[in-house]
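Trainee: One file: upload23.txt (compact mmCIF, C-alpha atoms).
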```
# COMPACT_ATOMS: atom_id res chain seq x y z
CA MET A 895 2.54 -17.20 -25.79
CA ASP A 896 -0.66 -18.42 -24.21
CA PRO A 897 -3.24 -15.76 -23.48
CA ILE A 898 -3.43 -14.76 -19.82
CA ARG A 899 -6.14 -16.60 -17.95
CA VAL A 900 -8.11 -14.30 -15.72
CA MET A 901 -10.35 -15.42 -12.87
CA ASP A 902 -12.72 -13.33 -10.82
CA VAL A 903 -12.46 -14.54 -7.23
CA LYS A 904 -14.85 -13.84 -4.38
CA GLU A 905 -14.21 -13.13 -0.75
CA SER A 906 -14.85 -15.87 1.78
CA ILE A 907 -16.35 -15.11 5.15
CA LEU A 908 -13.65 -14.05 7.59
CA GLN A 909 -14.41 -16.64 10.25
CA ASP A 910 -14.10 -19.47 7.75
CA ASN A 911 -10.75 -18.31 6.48
CA ASP A 912 -8.49 -20.14 8.91
CA ALA A 913 -10.23 -23.45 8.31
CA ARG A 914 -10.08 -22.95 4.57
CA ALA A 915 -6.41 -22.02 4.77
CA GLU A 916 -5.67 -25.25 6.64
CA ALA A 917 -7.51 -27.21 3.96
CA VAL A 918 -5.44 -25.55 1.23
CA ARG A 919 -2.25 -26.26 3.20
CA ARG A 920 -3.20 -29.93 3.66
CA GLU A 921 -3.99 -30.35 -0.01
CA LEU A 922 -0.71 -28.77 -1.09
CA ARG A 923 1.29 -30.89 1.38
CA GLU A 924 -0.12 -34.03 -0.15
CA LYS A 925 1.02 -32.80 -3.53
CA LYS A 926 4.35 -31.48 -2.19
CA VAL A 927 3.65 -28.06 -3.64
CA PHE A 928 5.37 -25.21 -1.79
CA LEU A 929 3.09 -22.16 -1.72
CA LEU A 930 4.80 -18.80 -1.17
CA ASN A 931 2.71 -15.76 -0.24
CA LEU A 932 4.61 -12.71 -1.54
CA MET A 933 3.48 -9.40 -0.11
CA GLY A 934 4.47 -5.73 -0.18
CA SER A 935 3.30 -2.21 -0.99
CA PRO A 936 2.23 -1.12 -4.46
CA GLY A 937 5.44 -0.60 -6.41
CA ALA A 938 7.69 -2.31 -3.84
CA GLY A 939 9.11 -4.51 -6.60
CA LYS A 940 7.17 -7.73 -6.08
CA THR A 941 6.78 -8.48 -9.78
CA THR A 942 10.36 -7.59 -10.69
CA THR A 943 11.66 -9.76 -7.84
CA LEU A 944 9.39 -12.57 -8.93
CA VAL A 945 10.52 -12.36 -12.55
CA SER A 946 14.18 -12.58 -11.44
CA THR A 947 13.34 -15.48 -9.16
CA ILE A 948 11.59 -17.40 -11.93
CA ARG A 949 14.56 -16.89 -14.26
CA ALA A 950 16.99 -18.08 -11.56
CA LEU A 951 15.01 -21.12 -10.41
CA ARG A 952 13.06 -22.32 -13.44
CA GLY A 953 15.76 -24.92 -14.20
CA GLU A 954 15.34 -26.44 -10.73
CA PHE A 955 11.63 -26.16 -10.03
CA ARG A 956 8.38 -26.17 -11.95
CA ILE A 957 6.95 -22.78 -11.02
CA GLY A 958 3.40 -21.51 -11.10
CA VAL A 959 2.27 -18.01 -10.24
CA MET A 960 -1.06 -16.59 -9.09
CA GLU A 961 -1.13 -12.86 -9.62
CA ALA A 962 -3.68 -11.15 -7.39
CA ASP A 963 -4.81 -7.77 -8.50
CA VAL A 964 -7.78 -5.53 -8.08
CA ASP A 965 -7.75 -5.21 -11.84
CA SER A 966 -5.44 -5.58 -14.88
CA ASP A 967 -3.26 -8.46 -15.97
CA VAL A 968 0.07 -6.67 -16.43
CA ASP A 969 1.85 -8.77 -13.80
CA ALA A 970 0.65 -12.12 -15.10
CA ARG A 971 1.99 -11.21 -18.52
CA ALA A 972 5.38 -10.30 -17.07
CA VAL A 973 5.78 -13.55 -15.16
CA GLN A 974 4.53 -15.64 -18.05
CA GLU A 975 7.16 -14.03 -20.26
CA ALA A 976 9.77 -15.00 -17.65
CA GLY A 977 8.84 -18.64 -18.05
CA ALA A 978 6.31 -19.52 -15.35
CA GLU A 979 2.73 -20.64 -15.73
CA ALA A 980 0.59 -17.76 -14.53
CA ILE A 981 -2.99 -17.03 -13.73
CA GLN A 982 -4.40 -13.63 -12.93
CA LEU A 983 -6.87 -13.42 -10.03
CA HIS A 984 -9.12 -10.40 -10.03
CA THR A 985 -10.26 -9.65 -6.51
CA GLY A 986 -13.04 -7.32 -7.62
CA GLY A 987 -11.97 -4.41 -5.46
CA MET A 988 -10.85 -6.51 -2.49
CA CYS A 989 -7.61 -5.44 -0.89
CA HIS A 990 -6.17 -8.90 -0.25
CA LEU A 991 -6.43 -12.57 -1.17
CA ASP A 992 -8.01 -15.00 1.24
CA ALA A 993 -7.85 -18.78 1.38
CA GLY A 994 -11.06 -19.28 -0.59
CA MET A 995 -9.76 -17.11 -3.43
CA THR A 996 -6.50 -19.05 -3.32
CA ARG A 997 -8.39 -22.33 -3.60
CA GLU A 998 -10.27 -20.97 -6.62
CA GLY A 999 -7.00 -19.85 -8.15
CA LEU A 1000 -5.41 -23.27 -7.61
CA SER A 1001 -8.24 -24.89 -9.51
CA GLY A 1002 -7.49 -22.58 -12.43
CA LEU A 1003 -3.73 -23.12 -12.26
CA VAL A 1004 -3.86 -26.91 -11.80
CA PRO A 1005 -1.22 -27.27 -9.08
CA ASP A 1006 -0.35 -30.93 -9.42
CA GLY A 1007 2.59 -30.40 -11.70
CA PHE A 1008 4.28 -27.60 -9.75
CA ASP A 1009 7.04 -27.62 -7.14
CA LEU A 1010 6.58 -23.98 -6.25
CA ILE A 1011 3.56 -21.73 -6.55
CA VAL A 1012 3.97 -18.07 -5.77
CA ILE A 1013 1.03 -15.85 -4.90
CA GLU A 1014 1.79 -12.24 -5.64
CA ASN A 1015 -0.68 -10.68 -3.24
CA VAL A 1016 -2.42 -7.32 -3.74
CA GLY A 1017 -0.01 -4.44 -3.14
CA ASN A 1018 -0.93 -3.50 0.42
CA LEU A 1019 0.89 -3.60 3.77
CA VAL A 1020 -2.26 -3.95 5.88
CA CYS A 1021 -4.95 -6.41 4.83
CA PRO A 1022 -2.92 -9.23 3.23
CA ALA A 1023 -1.09 -9.67 6.56
CA GLU A 1024 -4.40 -10.60 8.21
CA PHE A 1025 -5.41 -13.38 5.85
CA ASP A 1026 -3.80 -16.80 5.86
CA VAL A 1027 -4.02 -18.07 2.27
CA GLY A 1028 -2.72 -21.52 3.13
CA GLN A 1029 0.88 -20.69 2.27
CA ALA A 1030 3.93 -22.65 3.40
CA LYS A 1031 5.81 -19.38 3.97
CA ARG A 1032 5.23 -15.65 3.75
CA ALA A 1033 7.80 -13.31 2.19
CA MET A 1034 7.45 -9.54 2.26
CA ILE A 1035 9.33 -6.88 0.35
CA LEU A 1036 9.92 -3.41 1.71
CA SER A 1037 11.61 -1.21 -0.86
CA MET A 1038 14.13 1.37 0.24
CA PRO A 1039 12.11 4.33 -1.14
CA GLU A 1040 9.30 3.47 1.31
CA GLY A 1041 11.35 4.42 4.37
CA ASP A 1042 12.88 2.73 7.42
CA ASP A 1043 9.91 3.49 9.72
CA LYS A 1044 7.43 1.16 8.04
CA PRO A 1045 7.69 -1.69 10.61
CA LEU A 1046 6.41 0.80 13.19
CA LYS A 1047 3.43 1.72 11.04
CA TYR A 1048 2.47 -1.65 9.57
CA PRO A 1049 3.41 -3.98 12.44
CA LEU A 1050 1.39 -7.07 11.56
CA MET A 1051 2.98 -7.43 8.13
CA PHE A 1052 6.43 -7.56 9.70
CA GLU A 1053 5.23 -9.89 12.46
CA VAL A 1054 3.85 -12.53 10.13
CA ALA A 1055 6.70 -12.45 7.58
CA ASP A 1056 9.03 -15.46 7.42
CA ILE A 1057 11.55 -13.36 5.50
CA VAL A 1058 11.90 -9.63 4.86
CA LEU A 1059 13.49 -8.52 1.60
CA LEU A 1060 14.83 -4.98 1.69
CA GLY A 1061 14.54 -4.15 -1.99
CA LYS A 1062 15.75 -1.49 -4.43
CA ILE A 1063 19.03 -1.06 -2.54
CA ASP A 1064 20.59 0.15 -5.81
CA THR A 1065 18.68 3.41 -5.20
CA ALA A 1066 20.15 3.92 -1.71
CA ALA A 1067 22.03 7.10 -2.68
CA TYR A 1068 18.71 8.77 -3.44
CA PHE A 1069 16.93 8.07 -0.17
CA ASP A 1070 17.52 8.79 3.51
CA PHE A 1071 17.10 5.20 4.58
CA ASP A 1072 18.82 4.12 7.78
CA ARG A 1073 19.44 0.40 7.48
CA GLU A 1074 20.29 -0.01 11.14
CA ALA A 1075 17.10 1.79 12.20
CA PHE A 1076 15.16 -0.45 9.82
CA ARG A 1077 16.71 -3.57 11.36
CA ARG A 1078 15.87 -2.34 14.83
CA ASN A 1079 12.29 -1.57 13.79
CA VAL A 1080 11.85 -4.99 12.18
CA ARG A 1081 13.34 -6.69 15.25
CA LEU A 1082 10.71 -5.03 17.45
CA ARG A 1083 8.05 -6.95 15.51
CA ASN A 1084 9.87 -10.11 14.63
CA PRO A 1085 13.12 -10.80 16.50
CA ASP A 1086 14.42 -13.64 14.35
CA VAL A 1087 13.21 -12.98 10.84
CA PRO A 1088 15.95 -12.92 8.20
CA ILE A 1089 16.37 -9.52 6.53
CA LEU A 1090 17.95 -9.65 3.09
CA PRO A 1091 19.01 -6.43 1.34
CA CYS A 1092 18.75 -6.90 -2.41
CA SER A 1093 18.10 -5.34 -5.79
CA ALA A 1094 16.23 -7.25 -8.46
CA ARG A 1095 17.50 -4.74 -11.00
CA THR A 1096 21.25 -5.14 -10.37
CA GLY A 1097 21.08 -8.65 -8.93
CA GLU A 1098 22.89 -7.60 -5.73
CA GLY A 1099 21.84 -9.80 -2.82
CA MET A 1100 19.45 -11.88 -4.92
CA GLU A 1101 21.44 -15.11 -4.60
CA ALA A 1102 20.86 -15.10 -0.82
CA TRP A 1103 17.12 -14.89 -1.49
CA TYR A 1104 17.22 -17.75 -3.99
CA GLU A 1105 19.22 -19.81 -1.49
CA TRP A 1106 16.71 -19.13 1.27
CA LEU A 1107 13.89 -20.22 -1.02
CA ARG A 1108 15.75 -23.37 -2.15
CA GLY A 1109 16.40 -24.30 1.49
CA GLU A 1110 12.79 -23.75 2.49
CA ILE A 1111 11.48 -25.83 -0.41
CA ARG A 1112 13.88 -28.67 0.46
CA ALA A 1113 12.88 -28.58 4.14
CA TYR A 1114 9.19 -28.50 3.19
CA ARG A 1115 9.51 -31.55 0.96
CA LYS A 1116 11.23 -33.48 3.69
CA ALA A 1117 8.46 -32.53 6.11
CA CYS A 1118 5.83 -33.61 3.56
CA GLU A 1119 7.38 -37.06 3.39
CA GLN A 1120 7.27 -37.65 7.12
CA MET B 856 5.95 20.56 22.50
CA ASP B 857 2.63 19.07 23.51
CA PRO B 858 2.52 15.30 23.80
CA ILE B 859 0.85 13.59 20.85
CA ARG B 860 -2.79 12.82 21.49
CA VAL B 861 -3.69 9.34 20.36
CA MET B 862 -7.22 8.08 19.79
CA ASP B 863 -8.33 4.55 19.10
CA VAL B 864 -11.10 4.75 16.51
CA LYS B 865 -13.56 2.05 15.55
CA GLU B 866 -14.97 1.02 12.24
CA SER B 867 -18.51 2.04 11.35
CA ILE B 868 -20.81 -0.28 9.48
CA LEU B 869 -20.23 0.04 5.75
CA GLN B 870 -23.80 0.86 4.79
CA ASP B 871 -23.93 3.75 7.21
CA ASN B 872 -20.75 5.29 5.92
CA ASP B 873 -22.19 7.48 3.17
CA ALA B 874 -24.77 9.00 5.49
CA ARG B 875 -22.16 9.64 8.15
CA ALA B 876 -19.84 11.18 5.58
CA GLU B 877 -22.58 13.57 4.52
CA ALA B 878 -23.14 14.55 8.14
CA VAL B 879 -19.43 15.26 8.59
CA ARG B 880 -19.42 17.29 5.36
CA ARG B 881 -22.45 19.32 6.49
CA GLU B 882 -20.93 20.04 9.88
CA LEU B 883 -17.64 21.18 8.37
CA ARG B 884 -19.40 23.39 5.83
CA GLU B 885 -21.16 25.21 8.63
CA LYS B 886 -17.80 25.84 10.22
CA LYS B 887 -16.09 26.61 6.89
CA VAL B 888 -13.46 23.99 7.57
CA PHE B 889 -11.90 22.50 4.42
CA LEU B 890 -11.23 18.80 4.94
CA LEU B 891 -8.60 17.25 2.68
CA ASN B 892 -8.32 13.46 2.45
CA LEU B 893 -4.69 12.70 1.55
CA MET B 894 -4.05 9.19 0.30
CA GLY B 895 -1.23 7.10 -1.14
CA SER B 896 0.86 3.97 -0.69
CA PRO B 897 3.06 3.34 2.33
CA GLY B 898 6.17 5.42 1.79
CA ALA B 899 4.73 7.46 -1.10
CA GLY B 900 5.72 10.64 0.72
CA LYS B 901 2.42 11.70 2.28
CA THR B 902 3.95 12.92 5.53
CA THR B 903 6.87 14.72 3.88
CA THR B 904 4.50 16.44 1.47
CA LEU B 905 2.23 17.37 4.35
CA VAL B 906 5.10 18.80 6.40
CA SER B 907 6.16 20.98 3.44
CA THR B 908 2.57 22.05 2.91
CA ILE B 909 2.14 23.05 6.54
CA ARG B 910 5.34 25.09 6.44
CA ALA B 911 4.25 26.85 3.24
CA LEU B 912 0.66 27.58 4.28
CA ARG B 913 0.73 28.00 8.05
CA GLY B 914 0.94 31.78 7.69
CA GLU B 915 -2.27 31.82 5.66
CA PHE B 916 -4.41 29.12 7.24
CA ARG B 917 -4.92 27.56 10.65
CA ILE B 918 -4.10 23.94 9.94
CA GLY B 919 -5.08 20.79 11.80
CA VAL B 920 -4.00 17.28 10.94
CA MET B 921 -5.48 13.87 11.68
CA GLU B 922 -2.89 11.18 11.20
CA ALA B 923 -4.43 7.79 10.58
CA ASP B 924 -2.23 4.83 11.25
CA VAL B 925 -2.62 1.21 12.12
CA ASP B 926 -0.18 1.89 14.93
CA SER B 927 2.60 4.35 15.98
CA ASP B 928 2.56 8.13 16.23
CA VAL B 929 5.64 8.97 14.17
CA ASP B 930 3.67 11.01 11.62
CA ALA B 931 1.75 13.06 14.16
CA ARG B 932 5.05 14.05 15.77
CA ALA B 933 6.46 15.15 12.40
CA VAL B 934 3.50 17.36 11.51
CA GLN B 935 3.29 18.82 14.99
CA GLU B 936 6.95 19.80 14.72
CA ALA B 937 6.10 21.51 11.42
CA GLY B 938 3.61 23.74 13.19
CA ALA B 939 0.15 22.17 12.84
CA GLU B 940 -2.12 20.85 15.54
CA ALA B 941 -2.13 17.09 15.16
CA ILE B 942 -3.98 14.12 16.48
CA GLN B 943 -3.06 10.53 15.87
CA LEU B 944 -5.89 8.12 15.07
CA HIS B 945 -5.15 4.47 15.62
CA THR B 946 -7.36 2.34 13.42
CA GLY B 947 -6.66 -0.85 15.34
CA GLY B 948 -5.59 -2.87 12.33
CA MET B 949 -8.10 -1.31 9.93
CA CYS B 950 -6.75 -0.48 6.50
CA HIS B 951 -8.56 2.82 6.00
CA LEU B 952 -10.44 5.58 7.79
CA ASP B 953 -14.19 5.83 7.49
CA ALA B 954 -16.54 8.70 8.23
CA GLY B 955 -17.30 7.53 11.76
CA MET B 956 -13.61 7.43 12.64
CA THR B 957 -13.21 10.88 11.09
CA ARG B 958 -16.03 12.21 13.25
CA GLU B 959 -14.38 10.76 16.33
CA GLY B 960 -11.09 12.33 15.30
CA LEU B 961 -12.71 15.74 14.79
CA SER B 962 -14.04 15.63 18.33
CA GLY B 963 -10.48 15.09 19.53
CA LEU B 964 -9.02 17.80 17.33
CA VAL B 965 -11.73 20.42 17.97
CA PRO B 966 -12.19 21.69 14.43
CA ASP B 967 -13.82 25.04 15.08
CA GLY B 968 -10.62 27.02 14.96
CA PHE B 969 -9.21 25.53 11.76
CA ASP B 970 -9.38 26.63 8.13
CA LEU B 971 -7.88 23.44 6.81
CA ILE B 972 -7.85 19.96 8.28
CA VAL B 973 -5.83 17.30 6.52
CA ILE B 974 -6.46 13.61 7.04
CA GLU B 975 -3.39 11.59 6.25
CA ASN B 976 -5.09 8.30 5.49
CA VAL B 977 -3.60 4.85 6.08
CA GLY B 978 -0.93 4.06 3.48
CA ASN B 979 -2.92 1.93 1.05
CA LEU B 980 -4.07 2.33 -2.57
CA VAL B 981 -7.13 0.11 -2.23
CA CYS B 982 -9.40 0.50 0.77
CA PRO B 983 -9.18 4.24 1.50
CA ALA B 984 -10.52 4.91 -2.02
CA GLU B 985 -13.75 3.13 -1.10
CA PHE B 986 -14.60 5.13 2.01
CA ASP B 987 -15.92 8.67 1.89
CA VAL B 988 -14.66 10.34 5.08
CA GLY B 989 -16.67 13.52 4.52
CA GLN B 990 -13.80 15.35 2.84
CA ALA B 991 -14.16 18.45 0.66
CA LYS B 992 -11.50 17.05 -1.71
CA ARG B 993 -9.34 13.98 -2.14
CA ALA B 994 -5.66 14.22 -3.04
CA MET B 995 -3.53 11.20 -3.84
CA ILE B 996 0.23 10.86 -4.16
CA LEU B 997 1.87 8.31 -6.39
CA SER B 998 5.62 8.36 -5.97
CA MET B 999 7.86 7.74 -8.97
CA PRO B 1000 9.50 4.63 -7.43
CA GLU B 1001 6.09 2.92 -7.43
CA GLY B 1002 5.88 2.75 -11.22
CA ASP B 1003 3.80 4.20 -14.04
CA ASP B 1004 1.40 1.23 -14.23
CA LYS B 1005 -0.31 1.82 -10.90
CA PRO B 1006 -3.48 3.46 -12.31
CA LEU B 1007 -4.12 0.18 -14.14
CA LYS B 1008 -3.76 -1.84 -10.95
CA TYR B 1009 -5.49 0.43 -8.44
CA PRO B 1010 -8.16 2.04 -10.61
CA LEU B 1011 -10.60 3.29 -7.98
CA MET B 1012 -7.97 5.39 -6.19
CA PHE B 1013 -7.24 7.26 -9.41
CA GLU B 1014 -10.93 7.56 -10.25
CA VAL B 1015 -11.90 9.24 -6.98
CA ALA B 1016 -8.89 11.59 -6.74
CA ASP B 1017 -9.48 15.31 -7.24
CA ILE B 1018 -5.76 15.79 -7.80
CA VAL B 1019 -2.87 13.40 -8.44
CA LEU B 1020 0.56 14.36 -7.16
CA LEU B 1021 3.40 12.55 -8.91
CA GLY B 1022 5.96 12.66 -6.11
CA LYS B 1023 9.68 12.02 -5.63
CA ILE B 1024 10.49 13.29 -9.13
CA ASP B 1025 13.97 14.15 -7.84
CA THR B 1026 14.68 10.41 -7.99
CA ALA B 1027 13.67 10.09 -11.66
CA ALA B 1028 17.18 9.14 -12.82
CA TYR B 1029 16.99 6.00 -10.70
CA PHE B 1030 13.70 4.62 -11.95
CA ASP B 1031 12.26 3.55 -15.28
CA PHE B 1032 9.17 5.69 -14.98
CA ASP B 1033 7.46 6.78 -18.19
CA ARG B 1034 5.65 10.02 -17.41
CA GLU B 1035 3.64 9.94 -20.62
CA ALA B 1036 2.51 6.37 -19.97
CA PHE B 1037 1.54 7.40 -16.44
CA ARG B 1038 -0.52 10.30 -17.78
CA ARG B 1039 -2.25 8.01 -20.24
CA ASN B 1040 -2.96 5.45 -17.50
CA VAL B 1041 -4.35 8.12 -15.17
CA ARG B 1042 -6.49 9.55 -17.99
CA LEU B 1043 -8.11 6.15 -18.53
CA ARG B 1044 -9.48 6.40 -14.98
CA ASN B 1045 -10.01 10.10 -14.61
CA PRO B 1046 -9.90 12.17 -17.80
CA ASP B 1047 -9.73 15.62 -16.23
CA VAL B 1048 -7.84 15.24 -12.96
CA PRO B 1049 -4.84 17.55 -12.59
CA ILE B 1050 -1.52 15.69 -12.41
CA LEU B 1051 1.25 17.62 -10.67
CA PRO B 1052 4.83 16.30 -10.76
CA CYS B 1053 6.64 17.42 -7.63
CA SER B 1054 9.29 16.69 -5.03
CA ALA B 1055 8.74 17.59 -1.41
CA ARG B 1056 12.46 17.14 -0.81
CA THR B 1057 13.75 19.59 -3.44
CA GLY B 1058 10.63 21.75 -3.56
CA GLU B 1059 10.29 21.33 -7.33
CA GLY B 1060 6.66 21.59 -8.40
CA MET B 1061 5.40 22.17 -4.87
CA GLU B 1062 4.22 25.72 -5.50
CA ALA B 1063 1.67 24.44 -8.04
CA TRP B 1064 0.30 22.10 -5.36
CA TYR B 1065 0.05 24.90 -2.79
CA GLU B 1066 -1.70 27.07 -5.38
CA TRP B 1067 -4.20 24.32 -6.17
CA LEU B 1068 -4.94 23.94 -2.48
CA ARG B 1069 -5.27 27.69 -1.93
CA GLY B 1070 -7.69 27.92 -4.86
CA GLU B 1071 -9.78 25.01 -3.62
CA ILE B 1072 -10.01 26.44 -0.11
CA ARG B 1073 -11.08 29.84 -1.50
CA ALA B 1074 -13.72 28.25 -3.73
CA TYR B 1075 -14.98 26.12 -0.84
CA ARG B 1076 -15.37 29.12 1.44
CA LYS B 1077 -17.34 30.98 -1.19
CA ALA B 1078 -19.60 27.97 -1.63
CA CYS B 1079 -20.09 27.76 2.16
CA GLU B 1080 -21.33 31.34 2.22
CA GLN B 1081 -23.98 30.76 -0.40
```
Go ahead and express the file in the form of structure tokens.
Mentor:
Amino acid sequence: MDPIRVMDVKESILQDNDARAEAVRRELREKKVFLLNLMGSPGAGKTTTLVSTIRALRGEFRIGVMEADVDSDVDARAVQEAGAEAIQLHTGGMCHLDAGMTREGLSGLVPDGFDLIVIENVGNLVCPAEFDVGQAKRAMILSMPEGDDKPLKYPLMFEVADIVLLGKIDTAAYFDFDREAFRRNVRLRNPDVPILPCSARTGEGMEAWYEWLRGEIRAYRKACEQ
Amino acid sequence: MDPIRVMDVKESILQDNDARAEAVRRELREKKVFLLNLMGSPGAGKTTTLVSTIRALRGEFRIGVMEADVDSDVDARAVQEAGAEAIQLHTGGMCHLDAGMTREGLSGLVPDGFDLIVIENVGNLVCPAEFDVGQAKRAMILSMPEGDDKPLKYPLMFEVADIVLLGKIDTAAYFDFDREAFRRNVRLRNPDVPILPCSARTGEGMEAWYEWLRGEIRAYRKACEQ
């Protein structure tokens, strides 16, 4: 296996971020590359979900992954083993990726050959929600052990999400998680967002997630051609 | 029950933070108030652990709590029901508390009558580690569902912690968590920090945590008198 490429990326100035994000989005549209910004808490199951997703979709799409982390390259190794090209972005202590870091990462990943690039953002329910990285869509994972009240406490993350995965549902017996309360709490922030219960470990509910992603990629490509 | 007091707190300039933190620490020393900065991911179990701690120690100490949250007052309600004075600090989107916000919160809580004030920081393994809030000690909770690799990915949080609680151990059967690997990963960041496995739900291991806290408060008071 190729060694993991690691890039140190630097923060861009906040005011510039939206303009930079639009530039990234424009560039990726020209190349018909669908960029997914995957967010969630530390340990929510982002990497495990991503590994399952790569295994399920690698026959249909050429997939690249940018793993954002304060430090370490454990996630990039895991996704590379699953069959995707991966680059590890070290944020140097920063709690999120921004559009400038994403642009740097794209230059290291060489995006031209990919259909789908997934950014696994830093594990954090606050800061990544504030920074547009130029993605086509944002997905967020809330794992059942984290509790059904999280949309009340981290509102922006649930507001900006285009899809909410409710993960680790195989552990439901161990946690007092009220799914209906969770749905109500999500709906307060984002009335129409799809909420998909799933478990990357058992596979339950994962097909609905893959289908959502396939549909979004197809719709994006059509839009790129217009 | 009293209504929950809610304060909107504003970020102080980063460079000033250390000086402000020292001023908070000096003020609290004069009043012999032990300030604990409690940190962890969203859903790690900070509030549940805090509620158990209040119930166990409220006969020995007068306890105040500052609940930091981006939004909502669900945690302040929970700790107030457990028998502590509580104030909710809204950070207005900020991902951590800083010393200036802490000082504002203290003015709302009126710290003179307390032996122990706990700050429940914003759920986040990155940013709160960077900001000294003027605490006497920092405790962090990593819950078993989050995974044993987290010290590799969020190094600063484990470096600055004075104690690491390994929480939700009652759910161990459901997760592939290697306790020895976790210990090794923590030790890379912080060779001597105590690591206490516990479950706030079942009570397992909690007495060791209460004892640690009792000992630290006693030692702090002695130091204040010198």
Trainee: With only C-alpha atoms as the basis for distance, which of A:Asp967, A:Glu954, A:Glu1040, A:Asp1056 is at the shortest distance from Pro1088 of chain A?
Mentor: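 Closest to Pro1088 of chain A of all the choices is A:Asp1056.
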Trainee: Could you give me, as CSV, every chain A residue with an atom at most 6 Å from chain B, plus its closest atom pair and distance in Å to one decimal, counting all atoms listed in the file, rows ordered by chain then number?
Mentor:
```
residue,atom,partner,partner_atom,distance
A:Gly937,CA,B:Glu1001,CA,3.7
A:Asp965,CA,B:Lys1008,CA,5.3
A:Ser966,CA,B:Lys1008,CA,5.7
A:Cys989,CA,B:Val981,CA,5.7
A:Asn1018,CA,B:Asn979,CA,5.8
A:Val1020,CA,B:Cys950,CA,5.7
A:Glu1040,CA,B:Gly898,CA,3.7
A:Gly1041,CA,B:Gly898,CA,5.9
A:Leu1046,CA,B:Ser927,CA,5.9
A:Lys1047,CA,B:Asp926,CA,5.3
```
Trainee: Would you save the residues of that selection, restricted to C-alpha atoms, as a PDB file, keeping the file's coordinate frame?
Mentor:
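Result saved to out-v4.pdb:
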```pdb
ATOM      1  CA  GLY A 937       5.440  -0.600  -6.410  1.00  0.00           C
ATOM      2  CA  ASP A 965      -7.750  -5.210 -11.840  1.00  0.00           C
ATOM      3  CA  SER A 966      -5.440  -5.580 -14.880  1.00  0.00           C
ATOM      4  CA  CYS A 989      -7.610  -5.440  -0.890  1.00  0.00           C
ATOM      5  CA  ASN A1018      -0.930  -3.500   0.420  1.00  0.00           C
ATOM      6  CA  VAL A1020      -2.260  -3.950   5.880  1.00  0.00           C
ATOM      7  CA  GLU A1040       9.300   3.470   1.310  1.00  0.00           C
ATOM      8  CA  GLY A1041      11.350   4.420   4.370  1.00  0.00           C
ATOM      9  CA  LEU A1046       6.410   0.800  13.190  1.00  0.00           C
ATOM     10  CA  LYS A1047       3.430   1.720  11.040  1.00  0.00           C
TER      11      LYS A1047
END
```
Trainee: Between atom CA of Lys926 of chain A and atom CA of Arg1112 of chain A, what is the distance, to one decimal in Å?
Mentor: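 Taking atom CA of Lys926 of chain A as the start and atom CA of Arg1112 of chain A as the end point, the length is 10.3 Å.
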Trainee: Once you count all atoms listed in the file, which residues end up no further than 9 Å from (8.6, -7.7, 5.7) in the file's frame, shown as a ChimeraX atom specification?
Mentor: /A:933-934,1019,1032-1036,1045,1051-1060,1080,1087,1089
Trainee: Got a sec: who's within 12 Å of Gln974 of chain A, counting all atoms listed in the file, leaving out chain neighbours fewer than 5 positions off, as a list in words?
Mentor: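 Near Gln974 of chain A, the qualifying residues are Met895, Asp896, Pro897, Ile898, Arg899, Thr941, Leu944, Val945, Ile948, Arg949, Arg952, Ile957, Gly958, Val959, Met960, Glu961, Asp967, Val968, Asp969, Glu979, Ala980, Ile981 and Gln982 of chain A.
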Trainee: For Ala1063 of chain B, work out the shell of residues within 12 Å, counting all atoms listed in the file and skipping chain neighbours fewer than 3 positions away, then give it as a VMD selection string.
Mentor: chain B and resid 908 911 1018 to 1020 1049 to 1055 1058 to 1060 1066 to 1070
Trainee: Go ahead and compute the interatomic distance for atom CA of Ile1013 of chain A and atom CA of Phe1025 of chain A, in Å to one decimal.
Mentor: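 These atoms are spaced 12.8 Å apart.
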Trainee: For a quick check of understanding, using only C-alpha atoms, which of A:Ala1030, A:Asn1015, A:Ala976, A:Leu983 has the smallest distance to Leu1003 of chain A?
Mentor: A:Leu983
Trainee: Any idea what the distance is between atom CA of Ala913 of chain A and atom CA of Gly947 of chain B?
Mentor: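 Between these atoms lies a distance of 23.9 Å.
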Trainee: Please put the answer as lines of an AutoDock Vina configuration file: centre and edge lengths, in Å with one decimal, of a box along x, y and z that encloses all listed atoms of segment 1054-1062 of chain B plus 5 Å on each side.
Mentor:
```
center_x = 9.0
center_y = 21.2
center_z = -4.6
size_x = 19.5
size_y = 19.0
size_z = 17.6
```
Trainee: Please provide as JSON, numbers by chain all residues within 12 Å of Glu882 of chain B, with the sequence filter that same-chain residues fewer than 5 positions apart are discarded (counting only C-alpha atoms).
Mentor: {"B": [875, 876, 877, 887, 888, 889, 890, 958, 961, 962, 966, 967, 989, 990, 991, 1079]}
